[in-house]
Structure formats: C-alpha cells, structure tokens
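Peer 1: One structure is given below, represented as structure tokens, and several questions about it will come after.
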2 protein chains.
Amino acid sequence: MTKKYQRYVQLLQKVADLEAVQAILGWDQEVNMPVAGASSRARQLATVAGLGHELSTSEELGEVLETLHAHRDQLTEGEQRNIDLSRKDYLRQRRYTRDFVERRSRICSEAYEKWLKGREDNDSTEYLKVLEEIVKLKREEAEILGYKAHPYDALIDLFEPDMTVAELDPLFAEVRKKLVGFVAKIRERPQVESDFMRQSFPIDDQWDFSLLLLKGMGYDFNSGRQDLSPHPFTTTFGPGDIRVTTRSEEKNFANICWSSIHEGGHALYEQGLLPEQYGLPLGKAVSLAIHESQSRLWENNVGRGKKYWEYWYLRLQEHFPRQLARISLDQFYHAINRIEPNFIRTEADELHYHFHILIRYEIEKQLIEGSIETAQLPGIWASRYREYLGVEVPDARRGILQDIHWAYGSFGYFPTYSLGSFYAAQFFQQAVKELPELERELAAGSTKALLDWLRDQVHRHGQHYSASDLCKKITGEKLNFQYFMDYAEKKYGEIYFKSL
Amino acid sequence: MTKKYQRYVQLLQKVADLEAVQAILGWDQEVNMPVAGASSRARQLATVAGLGHELSTSEELGEVLETLHAHRDQLTEGEQRNIDLSRKDYLRQRRYTRDFVERRSRICSEAYEKWLKGREDNDSTEYLKVLEEIVKLKREEAEILGYKAHPYDALIDLFEPDMTVAELDPLFAEVRKKLVGFVAKIRERPQVESDFMRQSFPIDDQWDFSLLLLKGMGYDFNSGRQDLSPHPFTTTFGPGDIRVTTRSEEKNFANICWSSIHEGGHALYEQGLLPEQYGLPLGKAVSLAIHESQSRLWENNVGRGKKYWEYWYLRLQEHFPRQLARISLDQFYHAINRIEPNFIRTEADELHYHFHILIRYEIEKQLIEGSIETAQLPGIWASRYREYLGVEVPDARRGILQDIHWAYGSFGYFPTYSLGSFYAAQFFQQAVKELPELERELAAGSTKALLDWLRDQVHRHGQHYSASDLCKKITGEKLNFQYFMDYAEKKYGEIYFKSL
C-alpha cells in the first residue's frame with residue numbers, strides 16, 4: 001500500500017499545485033494586473049481550473065482512492081483520515097455532470113455581470129431575475145449532492161462540512177433571542193466618542209504601523225508579504241508563501257489596522273499547517289468557520305481588546321502624535337468598540353455583524369426550501385433590517401447588492417462568518433483558562449504564548465478533526481453560543497454600562 | 001476545414017495559456033516572492049510545464065495538424081503559415097523522449113547549482129565538470145533534432161530558426177576583421193569624460209524618470225507595468241499584459257535608464273503583436289534576434305543617440321539639477337557612449353559587446369563540434385579576452401562564471417544578441433530613409449512615427465515572415481553587417497575623432 005499511498009500523494013499535490021497557481025493568478029489580478037490584462041487572465045484561470053478539475057476527477061485518482069480505502073487497515077490513522085476525506089471530495093466532484101458545471105459557470109458569470117451593472121445603476125431588478133436562476137441551480141445542486149433533512153444542508157456542507165440547518169436554526173434562534181436584546185439595551189445608553197478616528201492619518205505611516213502589527217502577531221515575512229487590494233484577503237501559494245492584502249483610507253485608520261490583523265489571523269493558520277502534508281486534507285484548514293475563528297480571534301478577542309492596546313497604543317501614539325497625543329487609551333479603546341447599526345455588513349461592529357448574517361441565513365434557507373421568492377427579496381431585506389437593526393435600508397446598493405456571494409453562487413457561505421466568531425470566543429476563553437499569563441503577556445506586547453497555543457491546538461492538525469470534534473477536543477464541549485454572549489456582555493458591559 | 005482550424009486554435013491557445021501562467025509564476029518569483037516560497041514555486045512551475053508539454057505534444061494536436069496540413073490549399077495564406085510553423089514545432093517536440101527530457105532537466109538543475117556555488121566560491125572547477133555533461137547532452141540533442149551541415153545548427157535553430165554556422169561564420173569573421181580594428185583605433189584616442197555619471201542620483205527620482213522614458217516611447221501602461229528585479233526582463237502574460245522590470249543603483253544612473261529603454265523596446269514589440277493571433281505563430285515574435293533588434297534599436301540607435309537626448313536631456317537636468325546642471329548635452333552624449341573594454345558582457349559598451357559574443361560563439365561551436373574540451377575553457381576564455389578586448393580576466397566570477405546561459409543548457413542563444421544589434425542598425429537606417437522627419441521628431445521628443453513604422457514593418461506580422469525574409473521585405477536585402485559598421489563609424493568617428 002505504501003506505493004499506492006505515494007501515488008495518491010503525488011496526484012493530490014498536483015491538484016494542489018494547480019490550486020496554488022489559480023491563487024497566484026487571482027492575487028496578481030487584484031494586486032498588480034494592468035486593466036487590459038483582464039480578458040487574458042480570465043482565459044488562463046479557466047484553463048488552469050479546467051485542468052485542475054480533470055486531475056481531481058481522474059479515473060486514476062478514483063482507482064487509487066478505492067484501493068486504499070478497501071485496504072485502509074494497512075494505513076496509519078492520519079493516512080486513513082486523508083483517504084476518507086479525499087474520497088468524500090472525489091465522489092462529490094464526480095457527481096457533477098459536465099453539463100451542470102458549464103451551466104453553473106455560465107449563469108454565475110451572467111449574475112456577476114448583472115450584479116456589477118446593478119451596483120452601478122443602483123437597481124437590483126435585473127440581478128434579482130438572474131438570482132432566480134441561481135436559486136434554481138442551487139436547488140438542483142442540492143439534489144445532485146444529496147442530503148438527509150434539508151436541501152440547504154447539502155450547500156452548507158460545501159463550506160462547513162457536517163454543519164446543518166438542524167444545528168444552525170437553534171444557534172441563530174439564540175442570536176435572535178439574546179444578542180438582539182443585549183444590543184437594544186446598549187443602544188439606550190449614551191454613545192462613546194469616536195470622531196478622532198476620522199482624522200487624517202498619512203497613508204505611509206498607516207502602512208508602516210500595519211506591518212508592525214503583523215510582525216507583532218508572529219506573521220512570518222520570510223513566508224509571506226503584505227500588499228494593497230480593494231478587498232483584503234489571504235492567499236496561499238504553498239507552505240512558504242502565504243500572503244495577505246489590506247486596504248487603507250486616509251481618514252479611516254481603523255480600516256488598515258483591523259484588516260491587517262484579521263488577514264494576519266487567517267495567514268497564521270495557513271503558516272501553521274504542516275508543510276509535509278501539502279495538498280492533503282491533513283495539510284488544509286478544517287473549514288471556513290474554523291478559518292474565520294482564527295481571523296476573528298485575532299481581530300476581535302485580541303485586537304479589539306484592552307490588554308492588546310495597553311502595549312500597542314503607545315506605539316500608535318508615537319506614529320501619530322498629532323492625531324492621538326491627547327486621546328487616552330480608554331477613549332481609544334471605547335472608540336474602536338463603538339456599537340452602532342449600519343446597513344453594510346463589512347462595516348458592522350462585532351455585535352451587529354451577526355444580525356447581518358442572521359438575515360442572510362434566513363433568506364438563503366427560505367430561498368432554497370422555496371418558501372420565499374427572489375422577487376420578494378427587497379421587501380424582506382428591508383423589513384428584517386428594520387426589525388433586527390432598526391435601520392431603514394436606503395437603496396439597492398446599500399441593500400441586497402452589497403454582497404457578491406450570491407452572484408458567485410455561494411449559498412451556505414455566510415453562516416460560517418458567525419460560526420467563526422462564536423468558535424473564536426469559545427477558543428479564546430479556553431486559551432485564557434489554560435494560559436494564566438496570557439493577558440499580562442498581551443499587555444507586554446507578546447503574543448507568542450497565544451500563537452503557540454493556537455498552533456498546537458488548531459493549526460498543526462489540519463483536517464485531522466472535524467470542526468465539531470476539534471471544538472470538543474480543545475474546549476471539552478461542542479460549539480456553545482453562550483461563550484460569545486459572555487464575552488460580549490463582559491466587554492460591552494464595561495464599556496457601555498460602567499464607564500460612561 | 002474551418003472547424004478543424006478552430007480546434008487547432010483552441011488547442012494552441014490552451015498551450016499559450018499555460019506558457020503565460022509560467023511567465024506569471026516566473027515574474028512573481030523575481031519581483032515579489034518571499035524567500036521561503038522557492039520550493040513550492042519550483043513544484044508549481046514543474047507541474048504547469050509538464051501539463052503544457054502534454055498538451056503541446058498530444059495525439060489530438062498531431063492529428064489536427066496533419067489533417068490541416070494535408071488540406072492546406074483550403075486555408076488562407078496566414079492560416080497555412082500558422083499550420084506549417086506549428087507542425088514544425090510539434091514534430092520537433094515529439095522527437096524528444098521522456099528519458100531525454102528528464103535527464104536534461106536533471107543535469108541542468110545540477111549545473112545551475114554548481115554555477116551558483118562556483119560564483120559564490122569564485123571557482124569554476126565543479127561547474128566545468130557538469131558543463132562537460134551538458135555539452136554531451138547538447139550534442140545528443142543536436143542528433144535528436146537533426147541537422148544538415150553542423151550539429152550546432154540544430155541548437156541555433158531553437159532560438160533563431162533557419163540560422164546556421166554557414167551564415168554566422170562569415171558574419172563573425174567580419175566582426176573580427178572590421179570591428180576589432182575600428183575599436184583598436186578608438187582606444188588610441190583620448191578618452192571621453194564620464195565621472196559625473198557616477199554621482200549619487202536618488203533612486204526615487206531615477207524611477208520617476210524611467211517611467212517618463214517608457215511613456216515617451218509609447219509603452220502602454222494600461223497593458224503593462226514596470227517593477228524592479230535584479231536582472232531586468234520583459235514578460236508577456238497575454239495581449240494586454242506585457243510587463244517590464246528594471247534595476248536601479250544610486251551611483252549608476254545609466255543602469256535604470258538603458259535597462260528601461262531596452263526592455264521597453266522588447267515590450268513594444270509584444271504590445272504590437274496582433275491579439276487575435278494570440279497563441280499562434282502569427283501572434284508571436286519572429287525569433288530572438290528580431291526581438292533583440294527591437295530592444296537594441298530603442299536602446300542604442302534611438303536611446304544613445306544625440307537627437308533623442310536633445311529632447312530628453314533637458315528633462316533629465318530638471319530631475320537632477322544638482323548633478324547635471326553644469327554638464328552640457330555634448331558631454332553627456334559622449335559619456336553615455338564611452339568605449340572601454342571590460343570583462344563583463346552585460347556591462348559592455350555597444351561595440352565591445354560583440355567581442356563578448358564572438359568569444360562565446362566560437363567556444364560554443366567548438367565545444368559542440370568537439371574540437372575543444374570544457375577543461376580547456378578557462379585558458380581559452382582568458383586568451384581570447386586578451387586577444388579581442390586586450391584585458392586580463394581577473395577571476396572565474398568575472399570570467400566564465402559571469403553568464404547563466406550554459407548552466408541552463410542554452411547553447412545557440414548568445415549569437416542572437418549580436419544579430420539583434422546588426423538587424424537593428426539595418427532597420428534603423430531604413431527607417432531614417434523612409435521617415436525624413438524622424439531625426440527632427442526625435443529631437444522634439446516624439447517617437448510616434450518610428451513606433452508606427454516598427455508596428456507596420458515588424459510587430460504586426462508576428463511570424464508571418466522568417467527573420468531573413470522580414471529583413472529583405474523591410475530593407476530590400478538580407479542581413480548585412482556593413483550597416484552596423486557604418487553606424488559605428490559615423491557615430492564614434494564623431495565622438496572620438498572629431499570632437500576631441
């Protein structure tokens with residue numbers, strides 16, 4: 001079996017090479033590509049994706065996986081896990097017909113065009129028409145993939161293996177019950193002051209400071225780099241080349257700061273995967289939610305925490321004395337944790353954020369089960385924003401057209417953002433318990449103990465454990481929303497109910 | 001045949017996509033990649049190259065080419081040309097056995113390592129041993145490819161189709177006869193002053209000026225960009241994305257200036273190819289020598305010309321008043337055309353340059369025909385540098401280890417550099433004849449008429465004509481070294497025999 005297993009590794013790593021190549025082409029497109037390069041780049045991406053699909057669904061790979069699966073008792077536990085997950089993925093890929101893949105690609109391209117045009121014209125009419133096609137297609141996909149209880153389960157599984165409506169429904173019911181109420185109470189309190197965050201902060205100094213933050217987290221610049229792009233992202237070109245992008249705005253210092261920390265969190269996860277498992281499940285992140293747990297733990301639990309800024313705020317003041325010399329650490333800490341409703345998901349504070357996801361989760365589920373129609377969406381969108389956030393959606397661009405996900409055909413992706421935050425709260429609480437010095441170290445500018453703990457608890461395992469098993473292994477229990485509520489009530493209780 | 005031809009286009013364009021992908025991976029490696037990314041990048045390049053080789057030697061492509069070739073009378077003239085050249089390339093690719101390709105790749109990797117190590121240690125012993133392997137391999141390759149008169153012909157043909165020893169021997173005999181004598185006379189004359197070129201020129205201002213030069217040439221920044229890399233190069237990611245790199249050195253302003261112009265010349269050629277012929281011979285450059293003719297025409301005939309600097313020198317002085325305000329245009333013009341022997345090919349002036357190539361050409365030819373041995377190379381190298389350039393080679397690093405080409409297995413590449421200069425002189429002479437306003441336009445900062453002429457005469461044809469036919473079409477005669485001599489004697493006669 002050793003030879004067969006080696007062949008399996010070879011085949012999977014070739015697939016991984018082509019995935020990395022697509023990542024490089026995509027990164028260059030966002031970061032460097034001149035405008036006229038777009039159509040060639042689209043060709044190249046399509047060609048590489050096509051070859052990748054051929055390799056990942058080849059007869060040979062299927063035969064190798066079946067043989068290894070039939071003799072799995074001769075493999076180590078880790079090898080077995082690799083084979084099981086690769087086989088699941090292979091069988092799933094093989095379920096798609098060529099006709100379906102081509103239709104999906106065509107409809108999504110059209111939807112993307114309509115989405116762009118709709119944003120330009122601030123009019124969702126045409127987009128909603130093609131979205132109806134996409135919903136039909138996603139229902140068809142759910143049937144192709146198969147599910148036990150709810151068709152949406154099949155789609156969630158593409159991003160978050162084993163997660164289901166049966167688990168998400170009670171979770172978001174808790175969000176509705178507990179978080180909506182808590183935020184309503186905050187909003188009755190006097191608001192914190194944050195105008196000073198909107199002063200002019202020179203872009204170059206912002207950039208330098210963001211690099212310091214990344215270095216401070218333990219991000220390895222020998223195995224990565226930071227660049228600018230309109231939408232920040234993390235991308236992996238292989239074990240020694242994991243890059244982040246960020247964005248900066250002169251009058252909004254917060255943008256670069258938490259973009260860099262967030263992407264840095266993603267990147268630390270990728271930099272902590274085992275290089276020898278390159279291309280195999282044990283060398284890949286567990287799921288989108290666990291990935292997001294890493295970015296959000298750094299962004300929020302660490303990076304919007306008081307202890308973290310006890311160290312970094314002095315450095316920040318040194319970089320921007322004119323802007324911040326008279327602003328106290330407390331004032332700064334309150335400003336970066338200001339709770340305020342907004343129409344735009346990506347600009348939401350860390351509490352309101354989950355209302356944006358709640359709305360999308362409810363809509364996705366109902367669209368897929370067929371209990372609502374795309375034509376009703378503008379009305380539903382407006383009424384739920386009114387109900388959960390208490391805001392009137394002003395127009396299509398700041399309403400349903402704000403997200404690209406549905407135009408890409410990504411249904412089942414949004415819930416992973418909230419799951420990420422909830423896992424983050426639960427993991428961080430555990431880290432605080434296991435590392436009694438953690439808060440003091442953060443206040444002294446050291447994140448090493450935390451990173452070592454994350455490496456050991458999360459990163460090095462790749463997909464050895466499912467998300468749910470990983471959570472149990474680390475914290476002793478499955479995902480529990482109460483940890484997030486505890487975190488929110490403690491932190492914002494101090495900010496909004498004691499300090500002011 | 002229309003459908004078959006369309007299939008041919010599809011297949012070739014897929015191959016071109018994978019070539020573009022390799023170019024992007026290579027560019028990123030030079031320009032952006034963090035150090036730890038090297039081993040993943042090597043994997044990815046190998047995977048894409050392997051897939052590209054499979055596609056470009058596929059049975060299907062062979063069948064399509066044979067069918068189209070058998071019915072070539074049903075194709076247009078341009079289509080016939082595409083099929084003929086693609087078929088030649090296909091049949092050549094198919095001659096290589098897998099064993100040979102793998103051996104070649106292994107030996108060249110080893111040679112590259114030995115070359116790097118040799119440079120580090122300033123010792124060519126180990127490199128020369130593996131070079132012996134490479135020479136054997138190249139002789140084997142010549143036998144695989146076949147040739148009529150001289151085995152070296154088969155290798156030259158890989159870079160410069162249809163060029164042979166029978167043509168190069170008399171050409172380089174002329175170089176030896178005419179150019180060596182002329183340069184010897186220059187060296188008896190008083191030297192021009194050029195110390196001011198070694199002042200400190202701030203890097204950022206150099207960069208800005210180099211962008212102005214590129215814009216001034218007509219390089220389209222919507223279809224490209226400039227970046228920094230240790231060794232400047234031009235790379236094509238498809239019509240619409242043709243990038244150049246350059247290098248800068250604070251105390252050597254000339255570096256960025258003529259690197260940018262040189263690469264700009266290459267890039268203008270690529271930007272002038274027909275996008276609708278993407279991936280097909282009619283959408284590709286004729287040969288390395290014709291490519292080099294474009295870069296050198298801009299670098300030397302234009303970019304080291306008096307007329308060009310009548311316009312640009314004022315702008316240069318504005319950028320660097322402290323350094324250049326007291327230096328006259330004539331002084332500057334003389335300094336940038338200083339003739340002086342040197343051990344290093346890439347630092348040679350435009351006359352001595354060809355002695356470096358002459359030496360390499362003679363050595364390559366003799367190694368391949370077996371009339372000298374690699375063990376003799378240090379002695380031969382030193383004695384020819386003494387003979388042609390009058391310099392004593394100080395060490396291995398500044399001797400045989402200065403070029404990477406042989407370590408890559410590139411035999412037959414060097415002559416194209418000289419051919420490029422000679423074509424450039426002949427083409428430029430013709431442009432001057434056909435565009436009576438050209439010199440006045442250059443002096444007024446306009447290169448549009450010249451670029452239009454090159455687009456029309458050279459760029460848009462792709463490989464429609466062979467290098468030799470193209471030269472005849474443009475100038476009415478085949479490559480004639482006398483044009484280069486005329487150019488050299490006129491220009492350097494004025495600089496070294498009249499002015500001083």
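Residues in the structure tokens are numbered from 1 in each chain, the chains being A, B, ... in the order shown, and ligands are numbered from 1 in the order shown.
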Taking only C-alpha atoms into account, find every residue of chain A that has an atom no more than 8 Å from chain B, and write it out as a PyMOL selection string.

Peer 2: chain A and resi 14+17-18+20-21+24-25+33-38+40-41+43-44+47-48+221-225+237-241

Peer 1: Output as a ChimeraX atom specification all residues of range 68-273 of chain A that backbone DSSP marks as strand (DSSP E).

Peer 2: /A:226-228,234-236,242-246

Peer 1: Those same residues, written as a short mmCIF file (atom, residue, chain, number, x, y, z; two decimals), in the first residue's frame with C-alpha atoms?

Peer 2:
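Saved the output as part-v9.cif:
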data_model
loop_
_atom_site.label_atom_id
_atom_site.label_comp_id
_atom_site.auth_asym_id
_atom_site.auth_seq_id
_atom_site.Cartn_x
_atom_site.Cartn_y
_atom_site.Cartn_z
CA GLN A 226 1.51 42.26 2.60
CA ASP A 227 0.15 44.25 -0.34
CA LEU A 228 -2.78 46.55 -1.02
CA THR A 234 -5.32 35.99 2.48
CA THR A 235 -4.00 33.61 -0.13
CA THR A 236 -1.78 30.55 -0.02
CA ILE A 242 1.19 32.88 2.36
CA ARG A 243 0.29 36.45 1.52
CA VAL A 244 -2.13 38.97 2.94
CA THR A 245 -3.57 42.09 1.45
CA THR A 246 -5.03 45.08 3.24
#

Peer 1: Quick check for you: according to DSSP on this backbone, which residues of range 313-370 of chain B are classed as helix (DSSP H, G or I)? Reply as a VMD selection string.

Peer 2: chain B and resid 313 to 319 321 to 324 329 to 335 345 to 347 353 to 369

Peer 1: Could you check which of B:Leu213, B:Ala396, B:Ala289, B:Cys108 is closest to Asp123 in chain B, using only C-alpha atoms?

Peer 2: B:Ala396

Peer 1: Identify which of the residues A:Pro281, A:Leu116, A:Tyr152, A:Glu193 lies closest to Lys88 in chain A, counting only C-alpha atoms when measuring atom-to-atom distances.

Peer 2: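 Among the listed residues, A:Pro281 lies closest to Lys88 in chain A.
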
Peer 1: Between A:Asp205, A:Ala444, A:Glu270, A:Glu249, which residue has the minimum interatomic distance to Gln317 in chain A, considering only C-alpha atoms?

Peer 2: A:Asp205

Peer 1: Compile the contact shell of range 354-367 of chain A as a ChimeraX atom specification: residues with an atom at most 8 Å away, counting only C-alpha atoms, same-chain residues fewer than 5 positions apart removed.

Peer 2: /A:135,152,172,175-176,180,345,372-374,381,384-385,388-389,411-412,414-415,417-418

Peer 1: Given only C-alpha atoms as the basis, pick out the residue of B:Thr447, B:His319, B:Trp406, B:Glu79 nearest to Lys215 in chain B.

Peer 2: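 Of all the options, B:Thr447 lies closest to Lys215 in chain B.
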
Peer 1: Could you pull the residues within 10 Å of Thr125 in chain A, counting only C-alpha atoms, minus those fewer than 3 positions along the same chain, as a list in words?

Peer 2: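 The residues that qualify are Lys114, Trp115, Gly118, Asn122, Leu128, Lys129, Val130, Leu131, Ala375, Pro378 and Ala396 of chain A.
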
Peer 1: CA of His405 in chain A and CA of Gly379 in chain A are how many Å apart?

Peer 2: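 Those two atoms sit 19.5 Å apart.
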
Peer 1: Report the distance between CA of Met1 in chain B and CA of His461 in chain B in Å, rounded to one decimal place.

Peer 2: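 One can read the CA of Met1 in chain B to CA of His461 in chain B distance as 23.5 Å.
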
Peer 1: Find the residues around Ile256 in chain A up to 8 Å (only C-alpha atoms counted), leave out those fewer than 3 positions away in its own chain, and share them as a list in words.

Peer 2: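 Close residues of Ile256 in chain A: Gln206, Trp207, Ser210, Thr246, Arg247, Ser248, Glu249, Phe253, Ser259 and Ser260 of chain A.
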
Peer 1: Give me the residues near range 428-437 of chain B as a PyMOL selection string, where near means some atom within 10 Å (using only C-alpha atoms) and where sequence neighbours in that chain fewer than 6 positions away do not count.

Peer 2: chain B and resi 293-294+297-298+301-302+422+449-450+453-454+457+474-476+483-484+486-487

Peer 1: Can you list, as a list in words, every protein, DNA or RNA residue that comes within 12 Å of Leu314 in chain B when you count only C-alpha atoms, leaving out same-chain residues fewer than 6 positions away?

Peer 2: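 The neighbour list is Phe209, Tyr308, Phe320, Pro321, Leu324, Ala325, Arg326, Ile327, Ser328, Leu329, Phe332, Ala443, Ala444 and Gly445 of chain B.
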
Peer 1: What does the distance between CA of Thr97 in chain A and CA of Gln10 in chain B come to in Å, to one decimal place?

Peer 2: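 Between CA of Thr97 in chain A and CA of Gln10 in chain B the gap works out to 22.3 Å.
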